[in-house]
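Pasted below: work_27.cif, mmCIF, C-alpha atoms and all ligand atoms.
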data_data
#
loop_
_atom_site.label_atom_id
_atom_site.label_comp_id
_atom_site.auth_asym_id
_atom_site.auth_seq_id
_atom_site.Cartn_x
_atom_site.Cartn_y
_atom_site.Cartn_z
CA MET A 1373 93.88 49.43 61.93
CA ALA A 1374 91.04 51.82 62.50
CA ARG A 1375 90.56 55.09 64.25
CA LEU A 1376 87.62 54.87 66.66
CA ASP A 1377 85.17 57.59 67.72
CA ILE A 1378 85.71 58.95 71.22
CA LEU A 1379 82.53 59.46 73.28
CA ALA A 1380 82.08 62.93 74.76
CA TYR A 1381 80.41 64.22 77.93
CA PRO A 1382 77.50 63.95 78.75
CA ASP A 1383 77.17 60.65 76.82
CA PRO A 1384 75.62 58.15 79.31
CA ARG A 1385 77.80 55.36 77.89
CA LEU A 1386 80.77 57.02 79.64
CA ARG A 1387 79.02 56.01 82.90
CA MET A 1388 78.99 52.27 82.17
CA LYS A 1389 81.17 49.87 84.15
CA ALA A 1390 83.68 47.82 82.20
CA LEU A 1391 83.85 44.02 82.46
CA PRO A 1392 87.09 42.05 82.85
CA VAL A 1393 88.76 40.85 79.64
CA ARG A 1394 88.52 37.05 79.46
CA GLU A 1395 89.57 36.24 75.89
CA PHE A 1396 93.09 37.08 74.76
CA ASP A 1397 92.51 36.50 71.07
CA ASP A 1398 93.07 38.22 67.72
CA ALA A 1399 90.02 40.42 68.23
CA LEU A 1400 91.57 41.79 71.42
CA ALA A 1401 94.91 42.38 69.66
CA ARG A 1402 93.09 44.32 66.92
CA LEU A 1403 91.16 46.38 69.48
CA ILE A 1404 94.42 47.28 71.26
CA ASP A 1405 95.96 48.40 67.95
CA ASP A 1406 92.88 50.51 67.20
CA LEU A 1407 93.01 52.08 70.67
CA PHE A 1408 96.63 53.13 70.12
CA GLU A 1409 95.84 54.52 66.67
CA THR A 1410 92.96 56.49 68.18
CA LEU A 1411 95.11 57.66 71.11
CA TYR A 1412 97.93 58.92 68.89
CA ALA A 1413 95.56 60.59 66.42
CA ALA A 1414 93.88 62.44 69.30
CA ARG A 1415 97.28 63.41 70.81
CA GLY A 1416 96.28 61.99 74.20
CA ILE A 1417 98.49 60.22 76.73
CA GLY A 1418 95.98 57.53 77.68
CA LEU A 1419 92.72 56.01 76.50
CA ALA A 1420 90.26 53.64 78.19
CA ALA A 1421 88.11 51.24 76.13
CA THR A 1422 85.04 52.82 77.76
CA GLN A 1423 85.78 56.02 75.80
CA VAL A 1424 85.27 54.20 72.50
CA ASN A 1425 82.11 52.43 73.71
CA VAL A 1426 83.76 49.11 74.54
CA GLN A 1427 82.91 48.03 78.08
CA LEU A 1428 86.09 46.07 78.77
CA GLN A 1429 88.77 46.68 81.40
CA LEU A 1430 91.36 47.71 78.84
CA ILE A 1431 93.64 50.77 78.90
CA VAL A 1432 96.36 52.00 76.57
CA ILE A 1433 98.87 54.64 77.66
CA ASP A 1434 101.89 56.38 76.15
CA VAL A 1435 103.33 59.22 78.21
CA SER A 1436 106.60 59.43 76.24
CA GLU A 1437 107.47 62.64 74.38
CA ASP A 1438 108.16 60.83 71.11
CA ARG A 1439 105.21 58.41 71.35
CA SER A 1440 107.52 55.43 71.52
CA LYS A 1441 106.41 53.71 74.76
CA PRO A 1442 103.00 52.08 74.29
CA GLU A 1443 101.81 50.42 77.50
CA VAL A 1444 98.77 48.16 77.92
CA PHE A 1445 96.91 47.60 81.18
CA ILE A 1446 94.20 44.92 81.17
CA ASN A 1447 92.01 44.14 84.21
CA PRO A 1448 94.09 46.55 86.32
CA GLN A 1449 93.89 46.64 90.10
CA ILE A 1450 95.63 49.19 92.26
CA LEU A 1451 97.21 47.34 95.19
CA ALA A 1452 98.84 50.26 97.00
CA ARG A 1453 98.88 54.06 96.77
CA ASP A 1454 101.45 56.52 98.05
CA GLN A 1455 101.02 60.23 98.81
CA ILE A 1456 98.51 62.59 97.29
CA GLY A 1457 99.27 65.51 95.02
CA LEU A 1458 97.27 67.95 92.92
CA VAL A 1459 97.79 67.34 89.21
CA GLU A 1460 96.42 69.29 86.25
CA GLU A 1461 94.25 67.02 84.12
CA SER A 1462 92.24 67.13 80.94
CA CYS A 1463 90.20 64.45 79.20
CA LEU A 1464 89.53 63.64 75.55
CA SER A 1465 85.90 62.93 76.57
CA VAL A 1466 85.50 66.27 78.40
CA PRO A 1467 86.86 68.76 75.86
CA GLY A 1468 87.80 72.25 76.98
CA ILE A 1469 88.13 71.58 80.71
CA VAL A 1470 91.46 71.63 82.55
CA GLU A 1471 91.43 71.33 86.36
CA ASN A 1472 93.62 70.15 89.22
CA VAL A 1473 92.69 66.73 90.60
CA ALA A 1474 93.93 65.04 93.79
CA ARG A 1475 95.72 61.81 92.87
CA ALA A 1476 98.16 59.36 94.39
CA THR A 1477 101.64 60.26 93.13
CA ALA A 1478 102.90 56.68 93.22
CA LEU A 1479 101.18 53.31 93.15
CA THR A 1480 101.52 49.59 92.71
CA VAL A 1481 99.31 48.04 90.04
CA ARG A 1482 98.52 44.46 89.13
CA ALA A 1483 97.30 43.84 85.59
CA VAL A 1484 97.69 41.39 82.72
CA ASP A 1485 99.38 42.05 79.40
CA ARG A 1486 97.91 41.56 75.92
CA ARG A 1487 98.64 37.81 76.05
CA GLY A 1488 96.94 37.38 79.41
CA THR A 1489 100.12 37.12 81.49
CA PRO A 1490 99.81 38.77 84.93
CA TYR A 1491 102.37 41.32 86.06
CA MET A 1492 102.90 43.83 88.84
CA ARG A 1493 104.49 47.27 88.48
CA ASP A 1494 105.34 50.28 90.62
CA LEU A 1495 104.43 53.51 88.84
CA ASP A 1496 105.00 57.18 89.56
CA GLY A 1497 104.89 60.52 87.76
CA LEU A 1498 102.56 61.14 84.84
CA LEU A 1499 102.13 57.41 84.20
CA ALA A 1500 100.71 56.87 87.71
CA VAL A 1501 98.36 59.85 87.33
CA CYS A 1502 97.20 58.77 83.89
CA LEU A 1503 96.51 55.19 85.01
CA GLN A 1504 94.26 56.45 87.82
CA HIS A 1505 92.40 58.66 85.34
CA GLU A 1506 91.91 55.68 82.98
CA ILE A 1507 90.84 53.24 85.72
CA ASP A 1508 88.23 55.84 86.70
CA HIS A 1509 86.88 55.66 83.12
CA LEU A 1510 86.50 51.87 83.49
CA ASP A 1511 84.35 52.57 86.57
CA GLY A 1512 82.25 55.20 84.78
CA THR A 1513 83.93 58.07 86.61
CA LEU A 1514 85.21 61.27 84.97
CA PHE A 1515 87.92 63.54 86.39
CA VAL A 1516 85.39 66.35 86.82
CA ASP A 1517 83.53 64.10 89.31
CA ARG A 1518 86.59 64.31 91.56
CA LEU A 1519 86.68 68.11 91.85
CA PRO A 1520 85.76 69.85 95.10
CA PHE A 1521 82.06 70.74 95.32
CA PHE A 1522 82.06 74.34 94.11
CA LYS A 1523 84.55 73.71 91.34
CA ARG A 1524 82.42 70.79 90.23
CA LEU A 1525 79.33 73.03 90.05
CA ARG A 1526 81.23 75.66 88.08
CA THR A 1527 82.63 73.06 85.70
CA ARG A 1528 79.21 71.49 85.19
CA ARG A 1529 77.77 74.91 84.27
CA ARG A 1530 80.58 75.43 81.78
CA LEU A 1531 79.99 72.01 80.26
CA GLU A 1532 76.28 72.70 79.93
CA ARG A 1533 77.08 75.87 77.99
CA GLY A 1534 79.48 73.82 75.86
CA GLY A 1535 83.18 73.12 76.33
CA ARG A 1536 84.03 75.07 73.20
CA ALA A 1537 82.53 78.30 74.48
CA TYR A 1538 84.61 77.88 77.64
CA GLN A 1539 87.75 77.20 75.65
CA ALA A 1540 87.25 80.37 73.60
CA ALA A 1541 86.59 82.46 76.70
CA ALA A 1542 89.46 81.04 78.77
O1 LIG B 1 95.42 63.13 77.13
C1 LIG B 1 95.18 63.14 78.33
N1 LIG B 1 95.94 63.88 79.17
C2 LIG B 1 95.92 63.78 80.54
C3 LIG B 1 96.59 64.73 81.28
C4 LIG B 1 96.62 64.66 82.66
C5 LIG B 1 95.98 63.62 83.30
C6 LIG B 1 95.28 62.67 82.58
C7 LIG B 1 95.26 62.74 81.20
S1 LIG B 1 94.42 61.51 80.29
C8 LIG B 1 94.02 62.37 78.84
C9 LIG B 1 93.45 61.43 77.81
C10 LIG B 1 92.16 60.87 78.34
O2 LIG B 1 91.14 61.49 78.41
N2 LIG B 1 92.20 59.65 78.80
O3 LIG B 1 91.11 59.10 79.37
NI NI B 2 89.89 60.74 80.02
#
Reformat the file's structure so that it appears as structure tokens.
Amino acid sequence: MARLDILAYPDPRLRMKALPVREFDDALARLIDDLFETLYAARGIGLAATQVNVQLQLIVIDVSEDRSKPEVFINPQILARDQIGLVEESCLSVPGIVENVARATALTVRAVDRRGTPYMRDLDGLLAVCLQHEIDHLDGTLFVDRLPFFKRLRTRRRLERGGRAYQAAA
């Protein structure tokens, strides 16, 4: 297993669009293991392959308190969304910024598991929010892109000055 480097804003590689996974082989299994190791080391709840410079539609998530529920979403597609709520988000690739984002509070997703078997699931709570955040990464979108106009401007200014300076001042 290996811990991978997480790309940080404004790295242009975070803007690339991920391609569907086609080969469910040992290399994919190793990549999934590495993504979980990286996720747990960074104390995040979700990680998209895009964040470690792999342009594949591959997401790992664990929203459990004790880090005991690893979940893999490959080639995910959201089939239905229910209700919108404001949820406080942060991102390992946008350090120092915490803002409310409008997200569906429940959804139905179709994806395949690590062996390539398709499945469908209904999600809600933090898992639903996190999956939307990660699918955005696969499309090259960051949560700060989804802020209302003036908040987005303010956040962009803060990021240009450096997330760390903002964190210290907050
Ligand atoms: O660790 C993370 N926490 C989080 C909190 C609220 C909504 C989304 C997230 S995802 C984030 C990890 C990350 O950047 N994944 O892409
Ligand atoms: Ni993120």
- Item | Within 6 Å of ligand NI 2 (chain B), counting all atoms listed in the file, residues as a count of residues only | 3
- Item | Expected selection as JSON, numbers by chain for ligand LIG 1 (chain B) within 10 Å, all atoms listed in the file | {"A": [1378, 1380, 1411, 1412, 1414, 1415, 1416, 1417, 1418, 1419, 1420, 1421, 1422, 1423, 1431, 1432, 1433, 1434, 1435, 1459, 1460, 1461, 1462, 1463, 1464, 1465, 1466, 1467, 1470, 1471, 1472, 1473, 1475, 1498, 1499, 1500, 1501, 1502, 1503, 1504, 1505, 1506, 1507, 1508, 1509, 1510, 1514, 1515]}
- Extract, using only C-alpha atoms, all DNA, RNA and protein residues at most 10 Å from Arg1453 (chain A), discarding same-chain residues fewer than 3 positions from it, and format them as an MDAnalysis selection string. chainID A and resid 1450 1456 1475:1481 1494:1496 1500
- Item | Shell of 12 Å around Pro1490 (chain A), only C-alpha atoms, local chain residues under 2 positions omitted, as a PyMOL selection string | chain A and resi 1444-1449+1481-1488+1492-1493
- Query: Rounded to one decimal in Å, what is the spacing between CA of Gln1427 (chain A) and CA of Met1388 (chain A)?
  - Reply: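 Between CA of Gln1427 (chain A) and CA of Met1388 (chain A) the gap works out to 7.1 Å.
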- Could you check how far CA of Arg1526 (chain A) sits from CA of Pro1382 (chain A), in Å to one decimal?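 So the answer is 15.4 Å.
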- Have a look at CA of Val1516 (chain A) and CA of Lys1441 (chain A) and let me know their distance in Å, one decimal.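 Atom-to-atom, CA of Val1516 (chain A) to CA of Lys1441 (chain A), that is 27.3 Å.
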- So, counting only C-alpha atoms, which residue among A:Arg1402, A:Gln1429, A:Ile1469, A:Phe1408 is closest to Leu1519 (chain A)?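 For Leu1519 (chain A), the nearest of the given residues is A:Ile1469.
Using all atoms listed in the file for every distance, the candidate list A:Leu1376, A:Tyr1381, A:Gly1512, A:Leu1430 yields A:Leu1430 as the residue closest to Val1393 (chain A).
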- Message: My list of candidates is A:Val1426, A:Leu1451, A:Ser1436, A:Leu1525. Which is closest to Leu1386 (chain A) when distances are computed with all atoms listed in the file?
- Response: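 Using all atoms listed in the file, the shortest distance to Leu1386 (chain A) belongs to A:Val1426.
With distances restricted to all atoms listed in the file, A:Lys1389 is the closest residue to Thr1513 (chain A) from A:Arg1528, A:Arg1375, A:Arg1533, A:Lys1389.
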Taking all atoms of region 1426-1431 of chain A that the file lists and extending 3 Å past them on each side, where is the centre of the axis-aligned box and how long are its edges? Answer in Å to one decimal, as AutoDock Vina command-line options.
--center_x 88.3 --center_y 48.4 --center_z 78.0 --size_x 16.7 --size_y 10.7 --size_z 12.9
- With distances taken over all atoms listed in the file, which of A:Leu1428, A:Asp1383, A:Arg1530, A:Pro1392 is nearest to Ile1404 (chain A)?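 Distance minimum relative to Ile1404 (chain A) lands on A:Leu1428.
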- Message: So, with all atoms listed in the file as the atoms that count, which of A:Glu1437, A:Glu1395, A:Asp1454, A:Asp1377 lies closest to Thr1410 (chain A)?
- Response: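 Smallest distance to Thr1410 (chain A) is found for A:Asp1377.
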Since the input lacks atoms, please generate N, CA, C and O atoms for region 1425-1442 of chain A and provide them as a PDB file, in the coordinates of the input.
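The file below, rebuild.pdb, is the result:
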ATOM      1  N   ASN A1425      83.332  53.227  73.598  1.00  0.00           N
ATOM      2  CA  ASN A1425      82.110  52.430  73.710  1.00  0.00           C
ATOM      3  C   ASN A1425      82.367  50.930  73.720  1.00  0.00           C
ATOM      4  O   ASN A1425      81.578  50.151  73.197  1.00  0.00           O
ATOM      5  N   VAL A1426      83.484  50.525  74.317  1.00  0.00           N
ATOM      6  CA  VAL A1426      83.760  49.110  74.540  1.00  0.00           C
ATOM      7  C   VAL A1426      83.872  48.921  76.038  1.00  0.00           C
ATOM      8  O   VAL A1426      84.767  49.476  76.676  1.00  0.00           O
ATOM      9  N   GLN A1427      82.947  48.138  76.614  1.00  0.00           N
ATOM     10  CA  GLN A1427      82.910  48.030  78.080  1.00  0.00           C
ATOM     11  C   GLN A1427      83.793  46.885  78.564  1.00  0.00           C
ATOM     12  O   GLN A1427      83.349  45.912  79.151  1.00  0.00           O
ATOM     13  N   LEU A1428      85.094  47.036  78.303  1.00  0.00           N
ATOM     14  CA  LEU A1428      86.090  46.070  78.770  1.00  0.00           C
ATOM     15  C   LEU A1428      87.155  46.802  79.573  1.00  0.00           C
ATOM     16  O   LEU A1428      87.461  47.966  79.295  1.00  0.00           O
ATOM     17  N   GLN A1429      87.733  46.084  80.548  1.00  0.00           N
ATOM     18  CA  GLN A1429      88.770  46.680  81.400  1.00  0.00           C
ATOM     19  C   GLN A1429      90.101  46.671  80.645  1.00  0.00           C
ATOM     20  O   GLN A1429      90.966  45.820  80.857  1.00  0.00           O
ATOM     21  N   LEU A1430      90.224  47.642  79.755  1.00  0.00           N
ATOM     22  CA  LEU A1430      91.360  47.710  78.840  1.00  0.00           C
ATOM     23  C   LEU A1430      91.788  49.169  78.685  1.00  0.00           C
ATOM     24  O   LEU A1430      90.958  50.033  78.410  1.00  0.00           O
ATOM     25  N   ILE A1431      93.090  49.406  78.911  1.00  0.00           N
ATOM     26  CA  ILE A1431      93.640  50.770  78.900  1.00  0.00           C
ATOM     27  C   ILE A1431      94.909  50.774  78.067  1.00  0.00           C
ATOM     28  O   ILE A1431      95.747  49.868  78.195  1.00  0.00           O
ATOM     29  N   VAL A1432      95.074  51.799  77.234  1.00  0.00           N
ATOM     30  CA  VAL A1432      96.360  52.000  76.570  1.00  0.00           C
ATOM     31  C   VAL A1432      96.906  53.363  76.999  1.00  0.00           C
ATOM     32  O   VAL A1432      96.150  54.325  77.149  1.00  0.00           O
ATOM     33  N   ILE A1433      98.217  53.417  77.196  1.00  0.00           N
ATOM     34  CA  ILE A1433      98.870  54.640  77.660  1.00  0.00           C
ATOM     35  C   ILE A1433     100.194  54.805  76.928  1.00  0.00           C
ATOM     36  O   ILE A1433     100.889  53.816  76.656  1.00  0.00           O
ATOM     37  N   ASP A1434     100.536  56.051  76.596  1.00  0.00           N
ATOM     38  CA  ASP A1434     101.890  56.380  76.150  1.00  0.00           C
ATOM     39  C   ASP A1434     102.193  57.790  76.632  1.00  0.00           C
ATOM     40  O   ASP A1434     101.655  58.753  76.099  1.00  0.00           O
ATOM     41  N   VAL A1435     103.012  57.901  77.666  1.00  0.00           N
ATOM     42  CA  VAL A1435     103.330  59.220  78.210  1.00  0.00           C
ATOM     43  C   VAL A1435     104.678  59.726  77.695  1.00  0.00           C
ATOM     44  O   VAL A1435     105.155  60.764  78.132  1.00  0.00           O
ATOM     45  N   SER A1436     105.281  58.996  76.757  1.00  0.00           N
ATOM     46  CA  SER A1436     106.600  59.430  76.240  1.00  0.00           C
ATOM     47  C   SER A1436     106.446  60.607  75.290  1.00  0.00           C
ATOM     48  O   SER A1436     105.424  60.745  74.613  1.00  0.00           O
ATOM     49  N   GLU A1437     107.473  61.460  75.253  1.00  0.00           N
ATOM     50  CA  GLU A1437     107.470  62.640  74.380  1.00  0.00           C
ATOM     51  C   GLU A1437     107.347  62.231  72.910  1.00  0.00           C
ATOM     52  O   GLU A1437     106.612  62.845  72.143  1.00  0.00           O
ATOM     53  N   ASP A1438     108.092  61.195  72.535  1.00  0.00           N
ATOM     54  CA  ASP A1438     108.160  60.830  71.110  1.00  0.00           C
ATOM     55  C   ASP A1438     107.211  59.683  70.749  1.00  0.00           C
ATOM     56  O   ASP A1438     107.346  59.086  69.684  1.00  0.00           O
ATOM     57  N   ARG A1439     106.245  59.403  71.649  1.00  0.00           N
ATOM     58  CA  ARG A1439     105.210  58.410  71.350  1.00  0.00           C
ATOM     59  C   ARG A1439     105.794  57.046  71.020  1.00  0.00           C
ATOM     60  O   ARG A1439     105.353  56.378  70.084  1.00  0.00           O
ATOM     61  N   SER A1440     106.787  56.662  71.810  1.00  0.00           N
ATOM     62  CA  SER A1440     107.520  55.430  71.520  1.00  0.00           C
ATOM     63  C   SER A1440     107.357  54.373  72.616  1.00  0.00           C
ATOM     64  O   SER A1440     107.991  53.323  72.554  1.00  0.00           O
ATOM     65  N   LYS A1441     106.527  54.657  73.647  1.00  0.00           N
ATOM     66  CA  LYS A1441     106.410  53.710  74.760  1.00  0.00           C
ATOM     67  C   LYS A1441     104.959  53.299  75.009  1.00  0.00           C
ATOM     68  O   LYS A1441     104.373  53.658  76.032  1.00  0.00           O
ATOM     69  N   PRO A1442     104.369  52.547  74.075  1.00  0.00           N
ATOM     70  CA  PRO A1442     103.000  52.080  74.290  1.00  0.00           C
ATOM     71  C   PRO A1442     102.926  51.100  75.456  1.00  0.00           C
ATOM     72  O   PRO A1442     103.759  50.190  75.549  1.00  0.00           O
TER      73      PRO A1442
END
